[in-house]
file upload25.txt (compact mmCIF, C-alpha atoms)
# COMPACT_ATOMS: atom_id res chain seq x y z
CA MET X 1 85.73 113.95 121.35
CA ASP X 2 87.19 117.18 122.68
CA GLN X 3 87.76 119.83 120.00
CA SER X 4 91.39 120.27 121.05
CA ASN X 5 92.09 116.70 119.99
CA ASN X 6 90.62 117.30 116.53
CA SER X 7 92.58 120.39 115.62
CA GLU X 8 95.75 120.10 113.64
CA GLU X 9 98.77 120.83 115.79
CA GLU X 10 100.88 123.53 114.22
CA SER X 11 104.64 123.32 114.17
CA PRO X 12 106.41 126.17 115.95
CA GLY X 13 105.82 129.36 114.00
CA PRO X 14 108.60 130.98 112.00
CA SER X 15 110.89 133.44 113.74
CA GLU X 16 111.45 136.94 112.39
CA ASP X 17 114.53 135.65 110.56
CA ASP X 18 112.37 133.11 108.73
CA MET X 19 109.90 135.69 107.39
CA LEU X 20 110.26 137.49 104.07
CA PRO X 21 111.95 140.89 104.55
CA SER X 22 110.28 144.23 103.90
CA LEU X 23 111.69 145.74 100.71
CA PRO X 24 112.83 149.37 100.60
CA SER X 25 110.49 151.67 98.71
CA GLY X 26 111.52 152.99 95.32
CA ILE X 27 113.76 150.08 94.24
CA SER X 28 113.38 148.51 90.81
CA ASN X 29 112.12 145.00 90.16
CA ALA X 30 115.62 143.86 89.27
CA GLU X 31 116.99 145.27 92.53
CA ALA X 32 114.19 143.63 94.53
CA ILE X 33 114.91 140.25 92.92
CA GLU X 34 118.62 140.55 93.62
CA LEU X 35 117.96 141.57 97.25
CA LEU X 36 115.62 138.62 97.87
CA TRP X 37 118.10 136.25 96.22
CA GLN X 38 120.83 137.48 98.56
CA VAL X 39 118.55 137.19 101.60
CA ARG X 40 117.76 133.58 100.75
CA ALA X 41 121.43 132.77 100.09
CA LYS X 42 122.32 134.20 103.51
CA LYS X 43 119.65 132.10 105.26
CA ARG X 44 120.53 128.89 103.41
CA GLN X 45 122.71 126.66 105.59
CA SER X 46 125.49 124.83 103.74
CA SER X 47 125.82 122.06 106.35
CA PRO X 48 122.44 122.03 108.12
CA SER X 49 121.70 119.88 111.14
CA LEU X 50 118.57 118.05 110.01
CA PRO X 51 116.25 115.40 111.53
CA ASP X 52 117.13 111.72 111.20
CA THR X 53 114.19 111.32 108.80
CA VAL X 54 116.00 113.36 106.11
CA THR X 55 118.00 111.64 103.35
CA ARG X 56 120.42 113.67 101.22
CA LEU X 57 120.69 112.89 97.48
CA THR X 58 122.85 114.55 94.82
CA THR X 59 122.71 114.91 91.04
CA PRO X 60 125.64 114.85 88.58
CA ASP X 61 125.47 118.65 88.16
CA GLY X 62 125.72 119.26 91.91
CA SER X 63 122.08 119.84 92.80
CA LEU X 64 120.97 118.68 96.26
CA VAL X 65 117.75 116.89 97.19
CA TYR X 66 116.74 116.66 100.85
CA LEU X 67 114.19 113.84 101.06
CA VAL X 68 112.01 114.07 104.19
CA GLY X 69 110.46 110.68 105.00
CA THR X 70 107.18 111.21 106.84
CA ALA X 71 104.29 109.43 108.52
CA HIS X 72 101.08 110.84 107.05
CA PHE X 73 99.42 111.03 110.49
CA SER X 74 102.23 112.57 112.54
CA ASP X 75 102.83 115.92 114.20
CA SER X 76 106.53 115.08 114.41
CA SER X 77 106.69 114.78 110.62
CA LYS X 78 105.25 118.28 110.26
CA ARG X 79 108.02 119.64 112.47
CA ASP X 80 110.64 117.76 110.43
CA VAL X 81 109.32 119.31 107.22
CA ALA X 82 109.30 122.85 108.64
CA THR X 83 112.82 122.47 110.10
CA THR X 84 114.23 121.22 106.79
CA ILE X 85 112.66 123.89 104.58
CA ARG X 86 113.71 126.73 106.90
CA ALA X 87 117.29 125.40 107.06
CA VAL X 88 117.98 124.77 103.36
CA GLN X 89 115.78 127.49 101.77
CA PRO X 90 114.97 125.37 98.68
CA ASP X 91 114.38 126.37 95.09
CA VAL X 92 111.66 123.71 94.81
CA VAL X 93 109.50 121.74 97.23
CA VAL X 94 108.05 118.46 95.88
CA VAL X 95 105.26 116.62 97.73
CA GLU X 96 103.73 113.17 97.35
CA LEU X 97 100.44 114.47 95.96
CA CYS X 98 98.85 114.61 92.52
CA GLN X 99 96.34 117.04 90.99
CA TYR X 100 93.44 114.86 92.16
CA ARG X 101 94.41 115.34 95.83
CA VAL X 102 95.61 118.96 95.74
CA SER X 103 92.53 120.16 97.66
CA MET X 104 94.13 118.59 100.74
CA LEU X 105 96.55 121.54 100.85
CA LYS X 106 93.94 124.23 101.48
CA MET X 107 91.26 122.46 103.52
CA ASP X 108 91.27 123.07 107.25
CA GLU X 109 91.61 120.16 109.67
CA LYS X 110 87.94 120.09 110.66
CA THR X 111 86.80 119.84 107.02
CA LEU X 112 89.34 117.12 106.25
CA LEU X 113 88.21 115.05 109.24
CA LYS X 114 84.59 115.32 108.07
CA GLU X 115 85.48 114.43 104.47
CA ALA X 116 87.54 111.39 105.49
CA LYS X 117 84.79 110.02 107.74
CA ASP X 118 81.80 110.81 105.50
CA ILE X 119 81.79 108.24 102.66
CA ASN X 120 78.43 108.83 100.98
CA LEU X 121 76.66 107.90 97.71
CA GLU X 122 77.89 111.07 95.98
CA LYS X 123 81.53 110.15 96.66
CA VAL X 124 80.95 106.62 95.37
CA GLN X 125 79.34 107.98 92.17
CA GLN X 126 82.19 110.45 91.62
CA ALA X 127 84.83 107.74 92.10
CA ILE X 128 83.04 105.45 89.63
CA ARG X 129 82.70 108.22 87.04
CA GLN X 130 86.39 109.13 87.27
CA ASN X 131 87.92 105.65 87.50
CA GLY X 132 85.38 103.07 86.35
CA VAL X 133 83.36 100.67 88.50
CA MET X 134 86.10 98.43 89.92
CA SER X 135 88.78 101.12 90.32
CA GLY X 136 86.25 103.56 91.75
CA LEU X 137 85.05 101.09 94.37
CA MET X 138 88.65 100.27 95.26
CA GLN X 139 89.34 103.98 95.75
CA ILE X 140 86.40 104.17 98.16
CA LEU X 141 87.68 101.14 100.07
CA LEU X 142 91.13 102.71 100.39
CA LEU X 143 89.51 105.93 101.57
CA LYS X 144 87.87 103.78 104.24
CA VAL X 145 91.34 102.74 105.44
CA SER X 146 92.33 106.39 105.75
CA ALA X 147 89.01 107.17 107.47
CA HIS X 148 89.61 104.36 109.95
CA ILE X 149 92.98 105.81 110.95
CA THR X 150 91.48 109.33 111.01
CA GLU X 151 88.70 108.25 113.34
CA GLN X 152 91.10 106.37 115.63
CA LEU X 153 93.50 109.31 115.97
CA GLY X 154 91.23 112.33 115.55
CA MET X 155 93.80 113.58 113.04
CA ALA X 156 93.40 114.01 109.27
CA PRO X 157 96.15 112.85 106.87
CA GLY X 158 98.50 115.12 104.95
CA GLY X 159 99.50 117.57 107.67
CA GLU X 160 103.12 117.41 106.50
CA PHE X 161 102.06 118.44 102.97
CA ARG X 162 100.11 121.43 104.26
CA GLU X 163 103.12 122.37 106.38
CA ALA X 164 105.37 122.13 103.31
CA PHE X 165 102.96 124.34 101.35
CA ARG X 166 102.98 127.01 104.07
CA GLU X 167 106.75 126.96 104.50
CA ALA X 168 107.44 127.06 100.75
CA GLY X 169 105.41 130.28 100.57
CA ARG X 170 107.86 131.91 102.99
CA VAL X 171 110.95 131.15 100.87
CA PRO X 172 111.76 133.63 98.07
CA PHE X 173 111.44 132.13 94.55
CA CYS X 174 110.52 128.70 95.91
CA LYS X 175 108.33 126.63 93.56
CA PHE X 176 105.87 124.01 94.77
CA HIS X 177 105.50 120.81 92.71
CA LEU X 178 103.04 117.90 92.90
CA GLY X 179 105.23 114.85 92.52
CA ASP X 180 102.97 111.78 92.63
CA ARG X 181 101.47 109.78 89.77
CA PRO X 182 97.80 110.65 89.10
CA ILE X 183 95.70 108.48 91.39
CA PRO X 184 93.30 107.24 88.64
CA VAL X 185 96.29 105.73 86.81
CA THR X 186 97.49 104.02 90.00
CA PHE X 187 94.08 102.54 90.79
CA LYS X 188 93.41 101.35 87.24
CA ARG X 189 96.82 99.69 86.99
CA ALA X 190 96.37 98.14 90.45
CA ILE X 191 92.96 96.67 89.59
CA ALA X 192 94.21 95.37 86.22
CA ALA X 193 97.02 93.51 88.02
CA LEU X 194 94.59 91.46 90.17
CA SER X 195 92.44 88.47 89.36
CA LEU X 196 88.74 88.59 90.22
CA TRP X 197 89.35 86.35 93.29
CA GLN X 198 92.19 88.60 94.49
CA LYS X 199 89.98 91.68 94.11
CA ALA X 200 87.30 90.03 96.24
CA ARG X 201 89.81 89.03 98.94
CA LEU X 202 91.35 92.49 99.07
CA ALA X 203 87.93 94.18 99.25
CA TRP X 204 86.97 91.86 102.12
CA GLY X 205 90.09 92.80 104.08
CA LEU X 206 89.51 96.52 103.53
CA CYS X 207 85.83 96.31 104.49
CA PHE X 208 86.57 94.67 107.84
CA LEU X 209 89.54 96.78 108.93
CA SER X 210 88.94 97.63 112.60
CA ASP X 211 92.18 97.32 114.60
CA PRO X 212 92.64 100.17 117.11
CA ILE X 213 95.54 102.58 116.52
CA SER X 214 97.09 104.95 119.05
CA LYS X 215 99.17 108.08 118.54
CA GLU X 216 102.09 106.17 120.02
CA ASP X 217 101.68 103.61 117.21
CA VAL X 218 102.03 106.42 114.68
CA GLU X 219 105.30 107.68 116.12
CA LYS X 220 106.61 104.10 116.36
CA CYS X 221 105.85 103.80 112.67
CA LYS X 222 108.10 106.78 111.89
CA GLN X 223 110.47 104.32 110.18
CA LYS X 224 107.58 103.05 108.04
CA ASP X 225 104.59 105.24 107.27
CA LEU X 226 101.46 104.09 109.16
CA LEU X 227 99.04 104.29 106.24
CA GLU X 228 101.45 102.49 103.93
CA GLN X 229 102.24 99.93 106.64
CA THR X 230 98.53 99.23 107.13
CA MET X 231 98.14 98.81 103.37
CA SER X 232 101.29 96.68 103.09
CA GLU X 233 99.99 94.28 105.74
CA MET X 234 96.76 93.83 103.78
CA ILE X 235 98.32 93.55 100.30
CA GLY X 236 101.29 91.41 101.34
CA GLU X 237 99.66 88.44 99.61
CA PHE X 238 99.38 90.37 96.34
CA PRO X 239 102.86 91.20 94.93
CA ALA X 240 101.32 92.72 91.79
CA LEU X 241 99.33 95.17 93.90
CA HIS X 242 102.41 96.15 95.90
CA ARG X 243 104.24 96.76 92.64
CA THR X 244 101.60 99.16 91.26
CA ILE X 245 100.79 101.01 94.49
CA VAL X 246 104.30 101.30 95.94
CA ALA X 247 107.15 100.32 93.59
CA GLU X 248 105.83 102.09 90.49
CA ARG X 249 105.14 105.24 92.47
CA ASP X 250 108.72 105.07 93.81
CA ILE X 251 109.83 105.31 90.17
CA TYR X 252 107.46 108.19 89.40
CA LEU X 253 108.48 110.14 92.50
CA THR X 254 112.15 109.62 91.63
CA HIS X 255 111.49 111.01 88.16
CA THR X 256 109.70 114.14 89.41
CA LEU X 257 112.38 114.79 92.04
CA ARG X 258 115.12 114.57 89.41
CA GLN X 259 113.14 116.92 87.15
CA ALA X 260 112.82 119.40 90.00
CA ALA X 261 116.57 119.19 90.71
CA ARG X 262 117.59 120.72 87.38
CA CYS X 263 119.87 123.75 87.66
CA VAL X 264 118.24 127.15 88.22
CA GLU X 265 119.19 130.55 86.85
CA ALA X 266 120.79 133.02 89.24
CA PRO X 267 119.48 136.58 88.65
CA SER X 268 122.81 138.29 89.31
CA HIS X 269 124.68 136.79 86.34
CA ALA X 270 121.92 134.82 84.53
CA GLN X 271 123.92 131.61 84.76
CA LYS X 272 122.71 128.17 85.76
CA VAL X 273 123.56 127.09 89.32
CA PRO X 274 122.82 123.82 91.15
CA ALA X 275 119.34 123.63 92.66
CA VAL X 276 118.28 122.79 96.20
CA VAL X 277 115.13 120.67 96.47
CA VAL X 278 113.11 119.39 99.43
CA GLY X 279 111.02 116.28 98.77
CA VAL X 280 108.23 115.33 101.20
CA VAL X 281 107.19 111.68 100.81
CA GLY X 282 105.93 108.82 102.95
CA MET X 283 108.72 107.00 104.75
CA GLY X 284 107.88 103.81 102.86
CA HIS X 285 108.92 105.44 99.56
CA VAL X 286 112.39 106.56 100.67
CA PRO X 287 114.24 103.23 100.09
CA GLY X 288 112.73 102.87 96.61
CA ILE X 289 113.66 106.42 95.63
CA GLU X 290 117.23 105.82 96.82
CA ARG X 291 117.43 102.57 94.79
CA ASN X 292 116.12 104.26 91.65
CA TRP X 293 118.05 107.51 91.97
CA ASP X 294 120.89 106.67 89.54
CA LYS X 295 118.90 104.36 87.24
CA GLN X 296 117.44 104.93 83.79
CA LEU X 297 113.67 105.17 84.27
CA ASN X 298 110.86 104.32 81.84
CA ILE X 299 107.98 106.58 82.89
CA GLN X 300 105.78 105.81 79.86
CA GLU X 301 105.65 102.15 80.89
CA ILE X 302 104.13 102.92 84.32
CA MET X 303 101.66 105.48 82.94
CA SER X 304 99.88 103.20 80.49
CA VAL X 305 96.48 101.74 81.33
CA ALA X 306 95.32 98.60 79.52
CA PRO X 307 91.85 98.74 77.89
CA PRO X 308 89.12 96.71 79.60
CA SER X 309 89.23 93.00 78.81
CA ARG X 310 86.38 91.02 77.25
CA PHE X 311 85.98 89.16 80.54
CA GLY X 312 85.60 92.46 82.39
CA TRP X 313 83.01 93.59 79.85
CA VAL X 314 81.07 90.32 80.28
CA LEU X 315 81.18 90.67 84.08
CA ARG X 316 79.90 94.25 83.98
CA THR X 317 77.17 93.25 81.51
CA VAL X 318 76.01 90.42 83.79
CA LEU X 319 75.90 92.81 86.76
CA LYS X 320 73.96 95.39 84.76
CA GLY X 321 71.59 92.70 83.52
CA THR X 322 70.95 91.62 87.09
CA LEU X 323 70.19 95.20 88.10
CA LEU X 324 67.83 95.61 85.14
CA GLY X 325 66.06 92.42 86.13
CA MET X 326 65.64 93.67 89.68
CA LEU X 327 64.40 97.01 88.36
CA GLY X 328 61.88 95.28 86.07
CA TYR X 329 60.58 93.18 88.94
CA ALA X 330 60.26 96.29 91.12
CA CYS X 331 58.28 98.00 88.37
CA TYR X 332 56.01 94.96 88.06
CA ARG X 333 55.38 94.79 91.81
CA ALA X 334 55.06 98.50 92.57
CA GLY X 335 54.06 100.15 89.32
CA GLY X 336 55.87 102.11 86.63
CA SER X 337 56.29 105.23 88.74
CA VAL X 338 58.80 103.43 90.97
CA GLY X 339 60.82 102.31 87.97
CA ARG X 340 60.90 105.82 86.56
CA ALA X 341 62.00 107.16 89.93
CA LEU X 342 64.84 104.63 90.15
CA LEU X 343 65.99 105.39 86.61
CA SER X 344 66.23 109.06 87.52
CA VAL X 345 68.80 108.30 90.24
CA PRO X 346 72.34 109.19 88.96
CA ALA X 347 73.82 106.03 90.55
CA PHE X 348 71.58 103.82 88.37
CA GLN X 349 72.31 105.90 85.28
CA SER X 350 76.05 105.61 85.93
CA ILE X 351 75.94 101.82 86.48
CA LEU X 352 73.60 101.03 83.59
CA GLY X 353 75.36 103.22 81.01
CA GLY X 354 78.02 102.29 78.48
CA SER X 355 77.89 98.54 77.76
CA ARG X 356 79.79 98.63 74.47
CA LEU X 357 81.84 95.55 73.69
CA PRO X 358 85.59 96.28 73.82
CA PRO X 359 87.63 95.67 70.64
CA ALA X 360 89.15 92.23 70.24

call {"tool": "encode", "arguments": {"input": "upload25.txt", "output": "structure tokens"}}
result
Amino acid sequence: MDQSNNSEEESPGPSEDDMLPSLPSGISNAEAIELLWQVRAKKRQSSPSLPDTVTRLTTPDGSLVYLVGTAHFSDSSKRDVATTIRAVQPDVVVVELCQYRVSMLKMDEKTLLKEAKDINLEKVQQAIRQNGVMSGLMQILLLKVSAHITEQLGMAPGGEFREAFREAGRVPFCKFHLGDRPIPVTFKRAIAALSLWQKARLAWGLCFLSDPISKEDVEKCKQKDLLEQTMSEMIGEFPALHRTIVAERDIYLTHTLRQAARCVEAPSHAQKVPAVVVGVVGMGHVPGIERNWDKQLNIQEIMSVAPPSRFGWVLRTVLKGTLLGMLGYACYRAGGSVGRALLSVPAFQSILGGSRLPPA
């Protein structure tokens, strides 16, 4: 594939008016803060003309949230994000990422393409260590979905988040928040919601995903994010999975956006003033955030992870016993050196470790 197709298309660069001003020499810190505050206030548009993908939400104290609904594989979404941030000059930018995916913000496009396509043993081991066997394997299968779209389009996901990160750095006093629920919690709750048969059916569908996708398909999906649409089509038969992967994250994103929209302190008179926030989320989350915006939310409920069941322990023990049997047979057929070599492999150590019976 031609290199020009693999590089991330940048949105139009900022004009001179969008850049941070040069401060006069010899001014105090307080004067510099006041000057930058005034510059931002002058640039901030009170009635901006924004893309159709932007939804405007308000809080009781007058804060404004501009919610940009994006497709995770879309150059148009990157332009929408840049346009919105430059127009409203926010106090906070919130993106649909968690601390486990923050590296996406600083990797270049070529590295991200390689990472998405290269699912190796080390990645499988890391996923299992972080999330457990079933959740870790499910994370790898979902990464395969993203890799499939990446390979089809020659474009890595998350360009709109990297654009938001760059633009937020050009706005005085703008904070950058990670707004999504930690991905290990999402995967563990998703796996716990499925029966063993449902897990097998879902894994089968993920393993054999192969439909071709064009860039035109991505832009057509601007009203419903492509990655989430692909997932929704596969998990449509599993309402519990849709609840944990989509609906619960709608609640969490709503919570973090409302937290970000708390009033901020103006430096000139040290009084609280309404905040301006830009949220960057997949288009599929926008309706849920709107529905939850004025509701009382129970965040603790969607952050809990049930301990492993006795059935799950028995299943893992059977699998480990099978592996031990295979290892013993290999040692018998090929000699003890082979067995010792296999036991030194981290993947075997990870799988064979920790068979304690869970409490009743």

call {"tool": "closest_residue", "arguments": {"input": "upload25.txt", "among": "X:Ala261, X:Met283, X:Cys98, X:Val305", "to": "Asp52 of chain X", "atoms": "all atoms listed in the file"}}
result
X:Met283

call {"tool": "atom_distance", "arguments": {"input": "upload25.txt", "atom1": "atom CA of Ala266 of chain X", "atom2": "atom CA of Ser25 of chain X"}}
result
23.3 Å

call {"tool": "atom_distance", "arguments": {"input": "upload25.txt", "atom1": "atom CA of Val280 of chain X", "atom2": "atom CA of Phe161 of chain X"}}
result
7.1 Å

call {"tool": "atom_distance", "arguments": {"input": "upload25.txt", "atom1": "atom CA of Arg243 of chain X", "atom2": "atom CA of Val54 of chain X"}}
result
24.4 Å

call {"tool": "closest_residue", "arguments": {"input": "upload25.txt", "among": "X:Ala247, X:Ser195, X:Gln271, X:Thr186", "to": "Met303 of chain X", "atoms": "all atoms listed in the file"}}
result
X:Thr186

call {"tool": "closest_residue", "arguments": {"input": "upload25.txt", "among": "X:Ser46, X:Ser77, X:Thr84, X:Thr254", "to": "Asn298 of chain X", "atoms": "all atoms listed in the file"}}
result
X:Thr254

call {"tool": "residues_around", "arguments": {"input": "upload25.txt", "residues": "Leu194 of chain X", "least_positions_apart": "5", "cutoff": "8 Å", "atoms": "only C-alpha atoms", "output": "PyMOL selection string"}}
result
chain X and resi 199+238+240-241

call {"tool": "closest_residue", "arguments": {"input": "upload25.txt", "among": "X:Tyr100, X:Val95, X:Trp197, X:Thr55", "to": "Pro184 of chain X", "atoms": "only C-alpha atoms"}}
result
X:Tyr100

call {"tool": "closest_residue", "arguments": {"input": "upload25.txt", "among": "X:Ile85, X:Leu297, X:Leu178, X:Leu67", "to": "Gln45 of chain X", "atoms": "only C-alpha atoms"}}
result
X:Ile85

call {"tool": "residues_around", "arguments": {"input": "upload25.txt", "residues": "Leu57 of chain X", "least_positions_apart": "3", "cutoff": "8 Å", "atoms": "only C-alpha atoms", "output": "list in words"}}
result
Leu64, Val65, Tyr66, Leu67 and Glu290 of chain X

call {"tool": "closest_residue", "arguments": {"input": "upload25.txt", "among": "X:Ser268, X:Gln300, X:Ser47, X:Thr59", "to": "Val88 of chain X", "atoms": "all atoms listed in the file"}}
result
X:Ser47

call {"tool": "residues_around", "arguments": {"input": "upload25.txt", "residues": "Val277 of chain X", "least_positions_apart": "2", "cutoff": "6 Å", "atoms": "all atoms listed in the file", "output": "PyMOL selection string"}}
result
chain X and resi 65+90-93

call {"tool": "residues_around", "arguments": {"input": "upload25.txt", "residues": "Glu96 of chain X", "least_positions_apart": "3", "cutoff": "6 Å", "atoms": "all atoms listed in the file", "output": "list in words"}}
result
Gly179, Asp180 and Val281 of chain X

call {"tool": "residues_around", "arguments": {"input": "upload25.txt", "residues": "Trp37 of chain X", "least_positions_apart": "6", "cutoff": "12 Å", "atoms": "only C-alpha atoms", "output": "JSON, numbers by chain"}}
result
{"X": [20, 21, 30, 31, 43, 44, 89, 90, 91, 171, 172, 173, 174, 265, 266, 267, 268, 269]}

call {"tool": "write_last_selection", "arguments": {"input": "upload25.txt", "atoms": "C-alpha atoms", "output": "PDB file, keeping the file's coordinate frame"}}
result
ATOM      1  CA  LEU X  20     110.260 137.490 104.070  1.00  0.00           C
ATOM      2  CA  PRO X  21     111.950 140.890 104.550  1.00  0.00           C
ATOM      3  CA  ALA X  30     115.620 143.860  89.270  1.00  0.00           C
ATOM      4  CA  GLU X  31     116.990 145.270  92.530  1.00  0.00           C
ATOM      5  CA  LYS X  43     119.650 132.100 105.260  1.00  0.00           C
ATOM      6  CA  ARG X  44     120.530 128.890 103.410  1.00  0.00           C
ATOM      7  CA  GLN X  89     115.780 127.490 101.770  1.00  0.00           C
ATOM      8  CA  PRO X  90     114.970 125.370  98.680  1.00  0.00           C
ATOM      9  CA  ASP X  91     114.380 126.370  95.090  1.00  0.00           C
ATOM     10  CA  VAL X 171     110.950 131.150 100.870  1.00  0.00           C
ATOM     11  CA  PRO X 172     111.760 133.630  98.070  1.00  0.00           C
ATOM     12  CA  PHE X 173     111.440 132.130  94.550  1.00  0.00           C
ATOM     13  CA  CYS X 174     110.520 128.700  95.910  1.00  0.00           C
ATOM     14  CA  GLU X 265     119.190 130.550  86.850  1.00  0.00           C
ATOM     15  CA  ALA X 266     120.790 133.020  89.240  1.00  0.00           C
ATOM     16  CA  PRO X 267     119.480 136.580  88.650  1.00  0.00           C
ATOM     17  CA  SER X 268     122.810 138.290  89.310  1.00  0.00           C
ATOM     18  CA  HIS X 269     124.680 136.790  86.340  1.00  0.00           C
TER      19      HIS X 269
END
